[in-house]
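Take a look at the structure below.
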Amino acid sequence: MALPSQLDVLVIGAGFGGLCALKHLRDEGYTIKVIDTASDVGGTWYWNRYPGAMSDSKSIIYRFSWDKDDLQTYPWSDHYVKQKEILQYFQHVATKHDLYKDIQFQTELTAAVYNADTGRWNVSLSTGQTIDARYVVTALGVLSAPNYPKIPGLETFKGRAVHTSRWPADLDLSQMRVGVIGNGSTGVQVITALAGHTKSLVSFQRHPQYSVPSGDGPVSSGYRQWANDNYDTIFTRVKQSYVGMELFESNRPYDSVPPEEAEKIFEHLWQQGNGFGFYFGGFNDIGTNRVANEHACNFIRSKIDSIVQDPEKARKLKPNELHARRPICDNGYYYAFNKPGVDIVHIGETPIVAIRENGIETTAGFHELDAIVFATGFDAVDGNYNRIRIRGRGGKSLKQYWDARERGPSAYLGASVPEFPNLLMIGGPLGPFGNYPPVVETYTELISGLLAEAERARRLPGARPGSEGTIIEATKQAEDEWTTAAENVIDSSLFKEANSWLFGNNVEGKKRAIRFHFGGLGHFYNTVHRVIDEGFSGFQPFSQNKSTTGTGADVKATKTHVEDAEVNGISNTKVDIVA
Ligand code: NA7
């Protein structure tokens, strides 16, 4: 597919966000194309092919809500979807909705420069092509730039060294001595899947994790029928919930029940499964009440003691800190350490000195290895943006803009940055934290509404290209207020006491600042709809004389209005977005 040199919309990324934007904006009549560095759709799920890769959002809601037919008929067998199935789902959606014809793969955005005279973006691609697009929508995903730790001697290792997000199809670890560095959500999954299937396995763990069982298993036909009968209610509930995962979220404060009752509640949640279910399903204040948090920690510590047979391994696996990181779940993580040949090194106690050509040396000794798996996470959120040169007003890069900002990277609603007009982010810094499909659907509604409004304003009599009132740009005040709101949420939370990718400080040299607005998906959804209803409050005002404002659902009405206006001789601007 040759990309046209002029577009209404260029979307970067063919994961959940990119496909959702493509489907809806194309239906609304825009000329739109998507590029992706991968060779197929899937985003995160294209890249993360490591053994055990699975979503911990339930299968029932890890999909688009707008294809009602798919909701009824698309097959899913377990409570959680595995990487291969998710990729197949993406391919199915792209084929069914004829999206492939508008996606160019193996193509990277190398630079995007805003032209204030035209209000458009000049985009350069790795293929050598250049594109002039009015709007650039970045659907980069929050976790796509791999983080390789800076460990001395890393480059000297002569065995296989792989990052979990770049898993080679031909990799057979069955006869190898394997070391895994990292035990976040990914590390826990890969360790659980590999244990017992390699010659030996050593987990090099810097901080132990609180993990609970996933509760995965086949779904019954009755459950499927219930989901099919209730999908509208389910998605309405999901979009009004905190994490968007169709898990019960409790309103009960921890102090409202005696400790023995709380213990029974934790046991019930443990049996039921899911890290978020455990964190939010029993009480509403595990993340804010230190006593409640400590009880949850003790509960999981006692589970580790009861599962792990070797007391020294159990000791290493038990965290001492608060449970204040992304909740995770597993399909037998702690049990994995009872398998022969599976060991753990607590590099928080005995740090890695260096990687040598045949293994890893810690202060406690040397581990000979044939392969090292880096489950060391991502340069998350802004890390994806910092890799590409995006220059807004006055040639300032996004990185320069964010670096100069005391309070860290930001975007109003996680979508729009002052000085970067007509650049719309899906899941930019300070976006919501939650199940991604409903998150991206909400972003798509926002973007669709903003584009409709900008197109209307741009066609008003006397409007000049790129002039105020015709472009989409968050105000600095809105950006600051949104940042303050995000900071306030985290200030009242225990999460601020832990270091993790949620704050950016999993990567050496990165500024510690909150990367998400933890107000919850319901808050985000309602805020976006309020912003739309208010005529896009927080954005530079659009020129008026409008007959209509609203979401993309109204764009066709807007176009009709413009066409009517033309017929009446009010404007002679050609409506170039009508397909
Ligand atoms: P995470 O959650 O960032 O976990 C990365 C892991 O790698 C974590 O255990 C880190 O230890 C460890 N790490 C990172 N750098 C080092 C160095 N230099 N030395 C030793 N260990 C290191 O990434 P994941 O991929 O697991 O999960 C990211 C998200 O993807 C997840 O939350 C899901 O939403 C999907 P640390 O704990 O920092 O001491």
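So you can find residues: chains in the structure tokens are A, B, ... in the order shown, residues in each start at 1, and ligands are numbered from 1 in order.
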
How close does chain A get to ligand 1? List, as a Markdown table, each residue of chain A within 9 Å, its nearest atom pair and the distance in Å to one decimal, counting only C-alpha atoms and all ligand atoms.
```
| residue | atom | partner | partner_atom_place_in_ligand_line | distance |
| --- | --- | --- | --- | --- |
| A:Thr44 | CA | ligand 1 | 35 (C) | 8.9 |
| A:Ser55 | CA | ligand 1 | 35 (C) | 8.0 |
| A:Asp56 | CA | ligand 1 | 33 (C) | 8.4 |
| A:Val142 | CA | ligand 1 | 30 (O) | 8.8 |
| A:Leu143 | CA | ligand 1 | 30 (O) | 6.4 |
| A:Pro146 | CA | ligand 1 | 25 (O) | 8.5 |
| A:Asn147 | CA | ligand 1 | 15 (N) | 7.3 |
| A:Tyr148 | CA | ligand 1 | 15 (N) | 7.1 |
| A:Pro149 | CA | ligand 1 | 18 (N) | 4.0 |
| A:Lys150 | CA | ligand 1 | 18 (N) | 5.8 |
| A:Ile151 | CA | ligand 1 | 18 (N) | 6.4 |
| A:Thr164 | CA | ligand 1 | 25 (O) | 7.7 |
| A:Ser165 | CA | ligand 1 | 25 (O) | 8.0 |
| A:Ile181 | CA | ligand 1 | 21 (N) | 5.5 |
| A:Gly182 | CA | ligand 1 | 7 (O) | 3.3 |
| A:Asn183 | CA | ligand 1 | 9 (O) | 3.8 |
| A:Gly184 | CA | ligand 1 | 26 (O) | 3.4 |
| A:Ser185 | CA | ligand 1 | 26 (O) | 3.9 |
| A:Thr186 | CA | ligand 1 | 26 (O) | 3.7 |
| A:Gly187 | CA | ligand 1 | 26 (O) | 5.3 |
| A:Val188 | CA | ligand 1 | 26 (O) | 7.3 |
| A:Gln189 | CA | ligand 1 | 26 (O) | 8.4 |
| A:Phe204 | CA | ligand 1 | 20 (C) | 7.0 |
| A:Gln205 | CA | ligand 1 | 21 (N) | 6.3 |
| A:Arg206 | CA | ligand 1 | 39 (O) | 4.2 |
| A:His207 | CA | ligand 1 | 39 (O) | 4.3 |
| A:Pro208 | CA | ligand 1 | 37 (O) | 7.0 |
| A:Gln209 | CA | ligand 1 | 37 (O) | 7.6 |
| A:Arg325 | CA | ligand 1 | 2 (O) | 8.4 |
| A:Arg326 | CA | ligand 1 | 32 (O) | 5.7 |
| A:Pro327 | CA | ligand 1 | 32 (O) | 7.8 |
| A:Ile328 | CA | ligand 1 | 32 (O) | 7.4 |
| A:Ile347 | CA | ligand 1 | 20 (C) | 7.3 |
| A:Gly348 | CA | ligand 1 | 39 (O) | 7.6 |
| A:Pro351 | CA | ligand 1 | 20 (C) | 8.5 |
| A:Ile352 | CA | ligand 1 | 19 (N) | 7.8 |
| A:Phe374 | CA | ligand 1 | 7 (O) | 7.4 |
| A:Ala375 | CA | ligand 1 | 7 (O) | 5.4 |
| A:Thr376 | CA | ligand 1 | 7 (O) | 3.3 |
| A:Gly377 | CA | ligand 1 | 23 (O) | 3.2 |
| A:Phe378 | CA | ligand 1 | 23 (O) | 6.0 |
| A:Asp379 | CA | ligand 1 | 3 (O) | 8.3 |
| A:Ala380 | CA | ligand 1 | 28 (C) | 8.3 |
| A:Asn499 | CA | ligand 1 | 38 (O) | 6.9 |
| A:Ser500 | CA | ligand 1 | 38 (O) | 6.0 |
| A:Trp501 | CA | ligand 1 | 3 (O) | 5.2 |
| A:Leu502 | CA | ligand 1 | 3 (O) | 8.3 |
| A:Asn505 | CA | ligand 1 | 38 (O) | 8.3 |
| A:Asn506 | CA | ligand 1 | 38 (O) | 5.4 |
| A:Val507 | CA | ligand 1 | 15 (N) | 7.0 |
| A:Glu508 | CA | ligand 1 | 18 (N) | 8.2 |
```

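Excluding A:Asp170 itself and same-chain residues fewer than 5 positions from it, the residues having an atom within 12 Å of it are A:Arg49, A:Tyr50, A:Arg160, A:Val162, counting only C-alpha atoms.
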
For A:Ala485, the nearest of the candidates A:Pro465, A:Val291, A:Phe420, A:Ser410, counting only C-alpha atoms = A:Ser410

Please return as a count of residues only: the residues of stretch 383-510 of chain A that backbone DSSP assigns to strand (DSSP E).
-> 8

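If only C-alpha atoms are the atoms counted, then among A:Tyr231, A:Phe280, A:Tyr242, A:Phe542 the closest residue to A:Ala454 is A:Phe542.
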
Report as a tab-separated table (two decimals) with N, CA and C atoms, in the first residue's frame all protein, DNA and RNA residues lying within 10 Å of A:Val137, evaluated on only C-alpha atoms, omitting residues in the same chain fewer than 6 positions from it.
```tsv
chain	number	residue	atom	x	y	z
A	9	VAL	N	-5.92	12.29	8.73
A	9	VAL	CA	-5.44	11.73	10.01
A	9	VAL	C	-4.38	10.66	9.76
A	10	LEU	N	-3.25	10.77	10.43
A	10	LEU	CA	-2.27	9.69	10.46
A	10	LEU	C	-2.22	9.15	11.88
A	11	VAL	N	-2.41	7.84	12.00
A	11	VAL	CA	-2.41	7.19	13.32
A	11	VAL	C	-1.12	6.40	13.46
A	12	ILE	N	-0.47	6.51	14.60
A	12	ILE	CA	0.76	5.76	14.83
A	12	ILE	C	0.44	4.63	15.80
A	13	GLY	N	0.51	3.40	15.30
A	13	GLY	CA	0.29	2.25	16.17
A	13	GLY	C	-0.96	1.48	15.78
A	17	GLY	N	-5.67	0.88	20.49
A	17	GLY	CA	-5.98	2.30	20.27
A	17	GLY	C	-6.03	2.63	18.78
A	18	GLY	N	-5.04	2.18	18.03
A	18	GLY	CA	-4.95	2.51	16.62
A	18	GLY	C	-6.10	1.92	15.82
A	21	ALA	N	-9.38	3.80	16.62
A	21	ALA	CA	-9.41	5.11	15.98
A	21	ALA	C	-9.63	4.96	14.47
A	22	LEU	N	-8.93	4.02	13.85
A	22	LEU	CA	-9.06	3.82	12.41
A	22	LEU	C	-10.51	3.49	12.05
A	34	VAL	N	-2.89	4.21	9.06
A	34	VAL	CA	-2.19	3.81	10.28
A	34	VAL	C	-0.82	3.28	9.88
A	415	ALA	N	-4.27	13.30	26.60
A	415	ALA	CA	-4.60	13.35	25.17
A	415	ALA	C	-3.97	14.52	24.42
A	422	ASN	N	-3.22	19.83	17.25
A	422	ASN	CA	-3.66	18.75	16.34
A	422	ASN	C	-2.89	17.45	16.53
A	423	LEU	N	-2.22	17.33	17.66
A	423	LEU	CA	-1.59	16.05	18.04
A	423	LEU	C	-2.47	15.45	19.14
A	424	LEU	N	-3.05	14.32	18.86
A	424	LEU	CA	-3.94	13.69	19.84
A	424	LEU	C	-3.35	12.37	20.28
A	425	MET	N	-3.23	12.21	21.59
A	425	MET	CA	-2.63	10.99	22.13
A	425	MET	C	-3.72	10.06	22.67
A	426	ILE	N	-3.56	8.80	22.40
A	426	ILE	CA	-4.40	7.80	23.07
A	426	ILE	C	-3.52	7.20	24.16
A	444	THR	N	-11.28	7.47	21.80
A	444	THR	CA	-11.76	7.61	20.42
A	444	THR	C	-12.98	8.53	20.38
A	447	ILE	N	-11.56	12.07	20.69
A	447	ILE	CA	-10.85	12.53	19.49
A	447	ILE	C	-11.84	12.77	18.35
```

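Nearest-residue note for A:Glu28: choosing from A:Ser448, A:Asn289, A:Ser57, A:Asn338, the minimum distance belongs to A:Ser448, counting only C-alpha atoms.
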
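Interatomic distance, atom CA of A:Phe516 against atom CA of A:Pro409: 10.0 Å.
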
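For stretch 367-370 of chain A, the residues within 6 Å (counting only C-alpha atoms, excluding itself and residues fewer than 4 positions away along the chain) are Gly159, Met176, Arg177, Val178, Asn358, Gly359 and Ile360 of chain A.
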
Write a file of the selected residues as a CSV table (one decimal), in the first residue's frame, keeping C-alpha atoms.
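Heads up, here's the output in again.csv:
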```csv
chain,number,residue,atom,x,y,z
A,159,GLY,CA,24.7,-17.2,25.4
A,176,MET,CA,19.4,-24.6,28.8
A,177,ARG,CA,20.3,-23.1,32.1
A,178,VAL,CA,18.2,-20.0,32.2
A,358,ASN,CA,29.0,-17.5,30.6
A,359,GLY,CA,26.7,-16.3,33.4
A,360,ILE,CA,25.8,-13.8,36.1
```

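When atom CA of A:Gly128 is paired with atom CA of A:Leu398, their separation reads 22.3 Å.
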
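Reported to one decimal place, the separation of atom CA of A:Val345 from atom CA of A:Lys158 is 21.4 Å.
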
Which neighbours of A:Ser174 fall inside 7 Å, counting only C-alpha atoms, when residues of the same chain fewer than 4 positions from it are skipped, and could you give them as a PyMOL selection string?
-> chain A and resi 197-199

Create the file for the chosen residues now, containing all heavy atoms and written as a PDB file, in the first residue's frame.
```pdb
ATOM      1  N   HIS A 197      10.493 -26.569  32.593  1.00  0.00           N
ATOM      2  CA  HIS A 197      10.654 -26.791  31.148  1.00  0.00           C
ATOM      3  C   HIS A 197      12.011 -26.319  30.655  1.00  0.00           C
ATOM      4  O   HIS A 197      12.199 -26.053  29.461  1.00  0.00           O
ATOM      5  CB  HIS A 197       9.544 -26.068  30.381  1.00  0.00           C
ATOM      6  CG  HIS A 197       8.184 -26.537  30.751  1.00  0.00           C
ATOM      7  ND1 HIS A 197       7.656 -27.731  30.309  1.00  0.00           N
ATOM      8  CD2 HIS A 197       7.251 -26.011  31.591  1.00  0.00           C
ATOM      9  CE1 HIS A 197       6.451 -27.907  30.826  1.00  0.00           C
ATOM     10  NE2 HIS A 197       6.185 -26.881  31.619  1.00  0.00           N
ATOM     11  N   THR A 198      12.945 -26.153  31.580  1.00  0.00           N
ATOM     12  CA  THR A 198      14.315 -25.792  31.208  1.00  0.00           C
ATOM     13  C   THR A 198      15.246 -26.721  31.997  1.00  0.00           C
ATOM     14  O   THR A 198      14.799 -27.392  32.940  1.00  0.00           O
ATOM     15  CB  THR A 198      14.632 -24.332  31.613  1.00  0.00           C
ATOM     16  OG1 THR A 198      14.451 -24.214  33.028  1.00  0.00           O
ATOM     17  CG2 THR A 198      13.728 -23.338  30.916  1.00  0.00           C
ATOM     18  N   LYS A 199      16.516 -26.706  31.646  1.00  0.00           N
ATOM     19  CA  LYS A 199      17.471 -27.533  32.393  1.00  0.00           C
ATOM     20  C   LYS A 199      17.517 -27.039  33.840  1.00  0.00           C
ATOM     21  O   LYS A 199      17.503 -27.824  34.795  1.00  0.00           O
ATOM     22  CB  LYS A 199      18.844 -27.415  31.735  1.00  0.00           C
ATOM     23  CG  LYS A 199      19.761 -28.560  32.014  1.00  0.00           C
ATOM     24  CD  LYS A 199      20.890 -28.485  31.007  1.00  0.00           C
ATOM     25  CE  LYS A 199      22.044 -29.334  31.450  1.00  0.00           C
ATOM     26  NZ  LYS A 199      23.219 -29.078  30.608  1.00  0.00           N
TER      27      LYS A 199
END
```
